[in-house]
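Peer 1: Pasting structure_11.tsv below, which is TSV, C-alpha atoms and all ligand atoms.
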chain	number	residue	atom	x	y	z
Y	1	MET	CA	0.81	-26.86	185.64
Y	2	LYS	CA	-2.15	-28.85	184.30
Y	3	ALA	CA	-1.49	-31.20	181.41
Y	4	LEU	CA	-3.51	-33.47	179.16
Y	5	LEU	CA	-2.11	-36.67	177.61
Y	6	LEU	CA	-3.97	-37.93	174.52
Y	7	VAL	CA	-3.05	-41.56	173.91
Y	8	ASP	CA	-2.82	-42.88	170.33
Y	9	LEU	CA	-5.66	-40.94	168.65
Y	10	GLN	CA	-4.61	-42.43	165.33
Y	11	ASN	CA	-6.46	-43.72	162.28
Y	12	GLY	CA	-5.26	-47.24	163.03
Y	13	PHE	CA	-7.35	-47.40	166.22
Y	14	CYS	CA	-10.47	-45.82	164.69
Y	15	PRO	CA	-13.13	-47.54	162.57
Y	16	GLY	CA	-11.54	-48.26	159.17
Y	17	GLY	CA	-8.08	-48.59	160.73
Y	18	HIS	CA	-5.97	-51.74	160.99
Y	19	LEU	CA	-6.59	-52.29	164.72
Y	20	PRO	CA	-9.96	-50.57	165.10
Y	21	VAL	CA	-11.47	-49.85	168.48
Y	22	ALA	CA	-15.29	-49.68	168.47
Y	23	GLU	CA	-16.36	-46.02	168.55
Y	24	GLY	CA	-12.71	-44.98	168.64
Y	25	ASP	CA	-13.46	-41.96	166.47
Y	26	GLN	CA	-16.07	-40.74	168.96
Y	27	VAL	CA	-13.37	-39.56	171.34
Y	28	ILE	CA	-11.93	-37.09	168.79
Y	29	PRO	CA	-14.49	-34.32	169.42
Y	30	VAL	CA	-14.03	-34.90	173.16
Y	31	ALA	CA	-10.27	-34.43	172.77
Y	32	ASN	CA	-10.76	-31.26	170.72
Y	33	ARG	CA	-13.16	-29.79	173.25
Y	34	LEU	CA	-10.78	-30.56	176.13
Y	35	MET	CA	-7.83	-29.03	174.27
Y	36	ARG	CA	-9.84	-25.86	173.61
Y	37	GLU	CA	-11.76	-25.42	176.85
Y	38	GLY	CA	-10.30	-27.80	179.43
Y	39	GLY	CA	-8.07	-25.21	181.06
Y	40	TYR	CA	-4.82	-27.04	180.27
Y	41	ASP	CA	-1.40	-25.36	180.28
Y	42	LEU	CA	0.19	-28.19	178.32
Y	43	ILE	CA	-1.10	-30.78	175.86
Y	44	VAL	CA	0.89	-33.86	174.86
Y	45	ALA	CA	0.03	-36.86	172.69
Y	46	SER	CA	1.47	-40.31	172.11
Y	47	GLN	CA	1.69	-41.95	168.69
Y	48	ASP	CA	2.11	-45.69	168.12
Y	49	TRP	CA	4.88	-45.74	165.49
Y	50	HIS	CA	5.96	-49.20	164.40
Y	51	PRO	CA	8.48	-50.35	161.81
Y	52	ALA	CA	6.78	-52.57	159.16
Y	53	ASN	CA	8.47	-55.66	160.65
Y	54	HIS	CA	7.57	-55.00	164.27
Y	55	GLY	CA	7.68	-58.13	166.42
Y	56	SER	CA	4.20	-57.53	167.87
Y	57	PHE	CA	2.68	-58.14	164.43
Y	58	ALA	CA	1.26	-61.63	163.84
Y	59	SER	CA	2.59	-61.31	160.28
Y	60	GLN	CA	6.13	-61.65	161.67
Y	61	HIS	CA	5.38	-65.00	163.32
Y	62	PRO	CA	4.91	-67.84	160.79
Y	63	GLY	CA	1.56	-69.58	161.26
Y	64	ALA	CA	0.29	-67.11	163.87
Y	65	ARG	CA	-2.95	-65.17	163.60
Y	66	PRO	CA	-3.79	-61.76	165.02
Y	67	PHE	CA	-5.18	-61.69	168.59
Y	68	GLU	CA	-3.36	-64.92	169.49
Y	69	MET	CA	-0.80	-64.97	172.25
Y	70	GLY	CA	2.75	-65.48	171.04
Y	71	THR	CA	6.16	-64.53	172.33
Y	72	LEU	CA	8.44	-61.58	171.68
Y	73	SER	CA	12.04	-61.63	172.90
Y	74	GLY	CA	11.10	-64.60	175.09
Y	75	LYS	CA	8.12	-62.93	176.77
Y	76	PRO	CA	4.38	-63.51	176.25
Y	77	GLN	CA	3.04	-61.09	173.67
Y	78	MET	CA	-0.40	-60.48	172.20
Y	79	LEU	CA	0.04	-60.67	168.44
Y	80	TRP	CA	-1.65	-57.82	166.60
Y	81	PRO	CA	-2.66	-57.14	163.03
Y	82	ASP	CA	-0.07	-54.93	161.32
Y	83	HIS	CA	-0.97	-51.43	162.55
Y	84	CYS	CA	0.36	-47.91	162.82
Y	85	VAL	CA	3.32	-48.53	160.52
Y	86	GLN	CA	5.57	-45.46	160.41
Y	87	GLU	CA	4.71	-42.89	157.74
Y	88	THR	CA	1.46	-44.63	156.70
Y	89	ALA	CA	-2.07	-43.20	156.93
Y	90	ASP	CA	-2.83	-45.80	159.59
Y	91	ALA	CA	-0.24	-44.20	161.89
Y	92	ALA	CA	-1.41	-40.62	161.27
Y	93	PHE	CA	-3.51	-38.82	163.84
Y	94	HIS	CA	-7.25	-38.85	163.07
Y	95	PRO	CA	-7.83	-36.09	160.51
Y	96	ALA	CA	-10.38	-34.31	162.74
Y	97	LEU	CA	-7.95	-34.08	165.67
Y	98	GLU	CA	-6.82	-30.47	166.13
Y	99	THR	CA	-3.13	-31.36	166.23
Y	100	ASP	CA	-1.95	-27.73	166.12
Y	101	ARG	CA	-2.99	-27.54	169.78
Y	102	ILE	CA	-0.57	-30.33	170.78
Y	103	HIS	CA	2.73	-29.12	172.24
Y	104	PHE	CA	4.67	-32.38	172.21
Y	105	VAL	CA	4.24	-35.76	170.52
Y	106	GLN	CA	5.82	-38.87	172.02
Y	107	LYS	CA	6.31	-41.60	169.44
Y	108	LYS	CA	6.60	-45.18	170.73
Y	109	GLY	CA	6.91	-48.78	169.57
Y	110	GLN	CA	9.87	-48.26	167.22
Y	111	ASP	CA	11.98	-51.11	168.66
Y	112	ILE	CA	11.02	-54.32	166.79
Y	113	GLY	CA	12.02	-56.53	169.75
Y	114	VAL	CA	9.67	-55.07	172.38
Y	115	ASP	CA	6.17	-53.62	172.37
Y	116	SER	CA	5.41	-50.31	174.02
Y	117	TYR	CA	1.86	-49.86	175.21
Y	118	SER	CA	2.71	-47.12	177.69
Y	119	ALA	CA	3.60	-43.65	176.44
Y	120	PHE	CA	6.28	-43.64	179.13
Y	121	ARG	CA	8.27	-46.84	178.62
Y	122	ASP	CA	8.62	-50.12	176.77
Y	123	ASN	CA	6.71	-53.15	178.04
Y	124	ASP	CA	9.91	-54.72	179.40
Y	125	ARG	CA	10.14	-51.62	181.62
Y	126	THR	CA	13.77	-50.89	180.79
Y	127	ALA	CA	13.73	-48.15	178.15
Y	128	LEU	CA	11.97	-44.90	179.04
Y	129	THR	CA	10.53	-42.85	176.19
Y	130	GLY	CA	11.44	-39.43	177.62
Y	131	LEU	CA	7.86	-38.28	178.20
Y	132	ALA	CA	8.16	-38.41	182.00
Y	133	ASP	CA	11.30	-36.25	181.93
Y	134	TYR	CA	9.59	-33.81	179.59
Y	135	LEU	CA	6.55	-33.49	181.88
Y	136	LYS	CA	8.73	-33.20	184.99
Y	137	ALA	CA	10.82	-30.46	183.38
Y	138	LYS	CA	7.58	-28.58	182.66
Y	139	GLY	CA	6.56	-28.86	186.31
Y	140	VAL	CA	3.36	-30.80	185.67
Y	141	THR	CA	1.30	-31.19	188.86
Y	142	ARG	CA	-1.82	-32.70	187.30
Y	143	LEU	CA	-2.03	-35.04	184.32
Y	144	ASP	CA	-5.34	-36.13	182.81
Y	145	ILE	CA	-5.05	-39.16	180.52
Y	146	GLY	CA	-7.39	-40.70	177.97
Y	147	GLY	CA	-7.47	-42.09	174.46
Y	148	LEU	CA	-7.16	-45.45	172.70
Y	149	ALA	CA	-7.20	-48.13	173.79
Y	150	THR	CA	-8.40	-48.13	177.42
Y	151	ASP	CA	-7.35	-51.75	178.01
Y	152	TYR	CA	-3.83	-51.37	176.57
Y	153	CYS	CA	-2.06	-48.10	175.94
Y	154	VAL	CA	-4.24	-45.92	178.15
Y	155	LYS	CA	-4.13	-48.23	181.16
Y	156	PHE	CA	-0.37	-48.74	181.00
Y	157	SER	CA	0.22	-45.01	180.51
Y	158	VAL	CA	-1.93	-44.17	183.54
Y	159	LEU	CA	-0.17	-46.71	185.78
Y	160	ASP	CA	3.28	-45.60	184.62
Y	161	ALA	CA	2.41	-41.92	185.10
Y	162	LEU	CA	1.52	-42.68	188.70
Y	163	GLU	CA	4.93	-44.25	189.25
Y	164	LEU	CA	7.11	-41.96	187.12
Y	165	LEU	CA	5.57	-38.61	188.11
Y	166	PRO	CA	5.55	-38.84	191.89
Y	167	GLY	CA	3.59	-36.05	193.51
Y	168	ALA	CA	1.53	-35.28	190.41
Y	169	GLU	CA	-2.20	-35.96	190.41
Y	170	ILE	CA	-3.04	-38.48	187.68
Y	171	ARG	CA	-6.63	-38.91	186.48
Y	172	PHE	CA	-8.30	-41.16	183.90
Y	173	VAL	CA	-10.80	-39.41	181.60
Y	174	SER	CA	-13.42	-42.05	180.87
Y	175	ASP	CA	-15.34	-40.49	177.96
Y	176	LEU	CA	-12.06	-39.62	176.24
Y	177	SER	CA	-11.32	-43.37	176.04
Y	178	ARG	CA	-12.55	-46.53	174.33
Y	179	GLY	CA	-11.24	-50.09	174.63
Y	180	ILE	CA	-10.56	-53.14	172.47
Y	181	THR	CA	-12.69	-55.64	174.46
Y	182	PRO	CA	-15.41	-55.08	177.10
Y	183	GLU	CA	-13.70	-57.57	179.45
Y	184	GLY	CA	-10.37	-55.81	178.96
Y	185	VAL	CA	-11.92	-52.44	179.76
Y	186	GLU	CA	-13.57	-53.80	182.89
Y	187	ALA	CA	-10.26	-55.25	184.09
Y	188	ALA	CA	-8.41	-52.03	183.24
Y	189	LEU	CA	-10.92	-49.92	185.19
Y	190	ALA	CA	-10.53	-52.24	188.19
Y	191	GLU	CA	-6.73	-52.07	187.97
Y	192	MET	CA	-6.71	-48.29	187.79
Y	193	LYS	CA	-9.18	-48.07	190.66
Y	194	ALA	CA	-7.04	-50.41	192.78
Y	195	ALA	CA	-4.04	-48.14	192.09
Y	196	GLY	CA	-6.05	-45.21	193.45
Y	197	ILE	CA	-6.52	-43.39	190.12
Y	198	PRO	CA	-9.56	-41.12	190.13
Y	199	LEU	CA	-11.89	-41.37	187.16
Y	200	THR	CA	-13.15	-38.13	185.71
Y	201	THR	CA	-15.15	-37.01	182.66
Y	202	SER	CA	-14.79	-34.24	180.12
Y	203	ALA	CA	-17.99	-32.65	181.51
Y	204	ASP	CA	-16.42	-32.42	184.97
Y	205	ILE	CA	-13.18	-31.03	183.55
Y	206	LEU	CA	-14.99	-28.40	181.47
Y	207	ALA	CA	-17.13	-27.38	184.45
Y	208	GLU	CA	-14.00	-27.10	186.59
Y	209	ALA	CA	-12.30	-24.93	183.96
Y	210	ARG	CA	-15.29	-22.57	183.82
Y	211	ARG	CA	-15.28	-21.95	187.57
F	301	LIG	C1	-2.28	-50.33	171.27
F	301	LIG	C2	-2.21	-52.59	170.90
F	301	LIG	C3	-1.06	-52.45	170.13
F	301	LIG	C4	-2.99	-49.18	171.91
F	301	LIG	C5	-1.13	-50.18	170.51
F	301	LIG	O1	-2.78	-48.01	171.48
F	301	LIG	O2	-3.76	-49.41	172.86
F	301	LIG	N1	-2.79	-51.54	171.46
F	301	LIG	N2	-0.54	-51.23	169.95
F	302	ZN	ZN	1.01	-51.01	168.58
Take the structure in this file and express it as structure tokens.
Peer 2:
Amino acid sequence: MKALLLVDLQNGFCPGGHLPVAEGDQVIPVANRLMREGGYDLIVASQDWHPANHGSFASQHPGARPFEMGTLSGKPQMLWPDHCVQETADAAFHPALETDRIHFVQKKGQDIGVDSYSAFRDNDRTALTGLADYLKAKGVTRLDIGGLATDYCVKFSVLDALELLPGAEIRFVSDLSRGITPEGVEAALAEMKAAGIPLTTSADILAEARR
């Protein structure tokens, strides 16, 4: 069972959004092509879905500015601009994303006291989202992962998938992903490489599916 996980392909992380990733919108056609022709049996997506008063927002910390380090529930936390607030356009999937091809959407980041970069669990590593159980129940043997942002939600999702789906082959799809900072992307690539995650591209996946 081959599955694709599309991480946070939302307006908020695309140009014009509240936490824009450079060229974030350029991965949308890649995602659509992979959903159509990538040979996947199952397609899942995560959706950053914050309450308006989420504790990761700088706006909730008097005197703090976005992209400063702060604390949340006693732990170091990057403070973000308000983004992906539930039911707003910023939290919606990019309008060009062919969402009718997605079988399951995992929302995350609803708990105001803890951030959730990974699609699989909160940053404090206690609460699981349910995505790993869903994928295990489907018998997923290979999971390709990409999306926004490489240095946060994609990286943590990849590393958690490796741990929470033992026996499954986990791959990072580079051209399906863009990051917030070049340094962050470089560090994320090194971390994934050190964990033994193979890097693949949509071209390789499409060629594989045609064979
Ligand atoms: C993300 C920062 C805050 C992401 C989500 O999707 O990478 N980054 N919330
Ligand atoms: Zn967020």
Peer 1: Which residues form the shell of 6 Å around ligand LIG 301 (chain F) when you count all atoms listed in the file, given as number ranges by chain?
Peer 2: Y: 8, 117, 148-149, 152-153
Peer 1: Which residues of chain Y come within 8 Å of ligand ZN 302 (chain F), and for each one, what is the closest pair of atoms and their distance in Å to one decimal, counting all atoms listed in the file, sorted by chain and residue number, as CSV?
Peer 2:
residue,atom,partner,partner_atom,distance
Y:Asp48,CA,F:ZN302,ZN,5.5
Y:Trp49,CA,F:ZN302,ZN,7.2
Y:His50,CA,F:ZN302,ZN,6.7
Y:Ser56,CA,F:ZN302,ZN,7.3
Y:Trp80,CA,F:ZN302,ZN,7.6
Y:His83,CA,F:ZN302,ZN,6.4
Y:Cys84,CA,F:ZN302,ZN,6.6
Y:Gly109,CA,F:ZN302,ZN,6.4
Y:Asp115,CA,F:ZN302,ZN,6.9
Y:Ser116,CA,F:ZN302,ZN,7.0
Y:Tyr117,CA,F:ZN302,ZN,6.8
Peer 1: Fewer than 6 positions away in the same chain doesn't count, so skip those; otherwise give me all residues within 9 Å of Y:Leu176, counting only C-alpha atoms, as a ChimeraX atom specification.
Peer 2: /Y:6,26-31,145-148,201-202
Peer 1: If you count all atoms listed in the file, which residues fall within 10 Å of Y:Asp124, apart from same-chain ones fewer than 3 positions away, as a list in words?
Peer 2: Ser73, Lys75, Val114, Asp115, Ser116, Arg121 and Ala127 of chain Y
Peer 1: Looking at all atoms listed in the file, which of Y:Arg171, Y:His54, Y:Arg178, Y:Arg210 is the one that sits closest to Y:Gln110?
Peer 2: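 Among Y:Arg171, Y:His54, Y:Arg178, Y:Arg210, it is Y:His54 that comes nearest to Y:Gln110.
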Peer 1: Fewer than 3 positions away in the same chain doesn't count, so skip those; otherwise give me all residues within 7 Å of Y:Leu42, counting only C-alpha atoms, as JSON, numbers by chain.
Peer 2: {"Y": [2, 3, 4, 103]}
Peer 1: Please indicate the distance in Å from atom CA of Y:Arg65 to atom CA of Y:Asp82, rounded to one decimal place.
Peer 2: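 For atom CA of Y:Arg65 relative to atom CA of Y:Asp82, the distance reads 10.9 Å.
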Peer 1: Neighbouring residues of stretch 88-100 of chain Y were defined as those with any atom within 7 Å, considering all atoms listed in the file; residues of the same chain fewer than 6 positions away were excluded. Please report them as a list in words.
Peer 2: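 That gives Leu9, Gln10, Asn11, Gly12, Gly17, His18, Ile28, Asn32, Asp48 and Trp49 of chain Y.
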Peer 1: Return the single residue from Y:Lys138, Y:Ser157, Y:Met69, Y:Val21 that is closest to Y:Asp122, with distances computed using only C-alpha atoms.
Peer 2: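 The closest residue to Y:Asp122 is Y:Ser157.
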Peer 1: Between atom CA of Y:Arg36 and atom CA of Y:Ala195, what distance in Å does the model show, to one decimal?
Peer 2: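 Between these atoms lies a distance of 29.5 Å.
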Peer 1: Which value, in Å to one decimal, gives the distance between atom CA of Y:Asp144 and atom CA of Y:Ile43?
Peer 2: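 For atom CA of Y:Asp144 relative to atom CA of Y:Ile43, the distance reads 9.7 Å.
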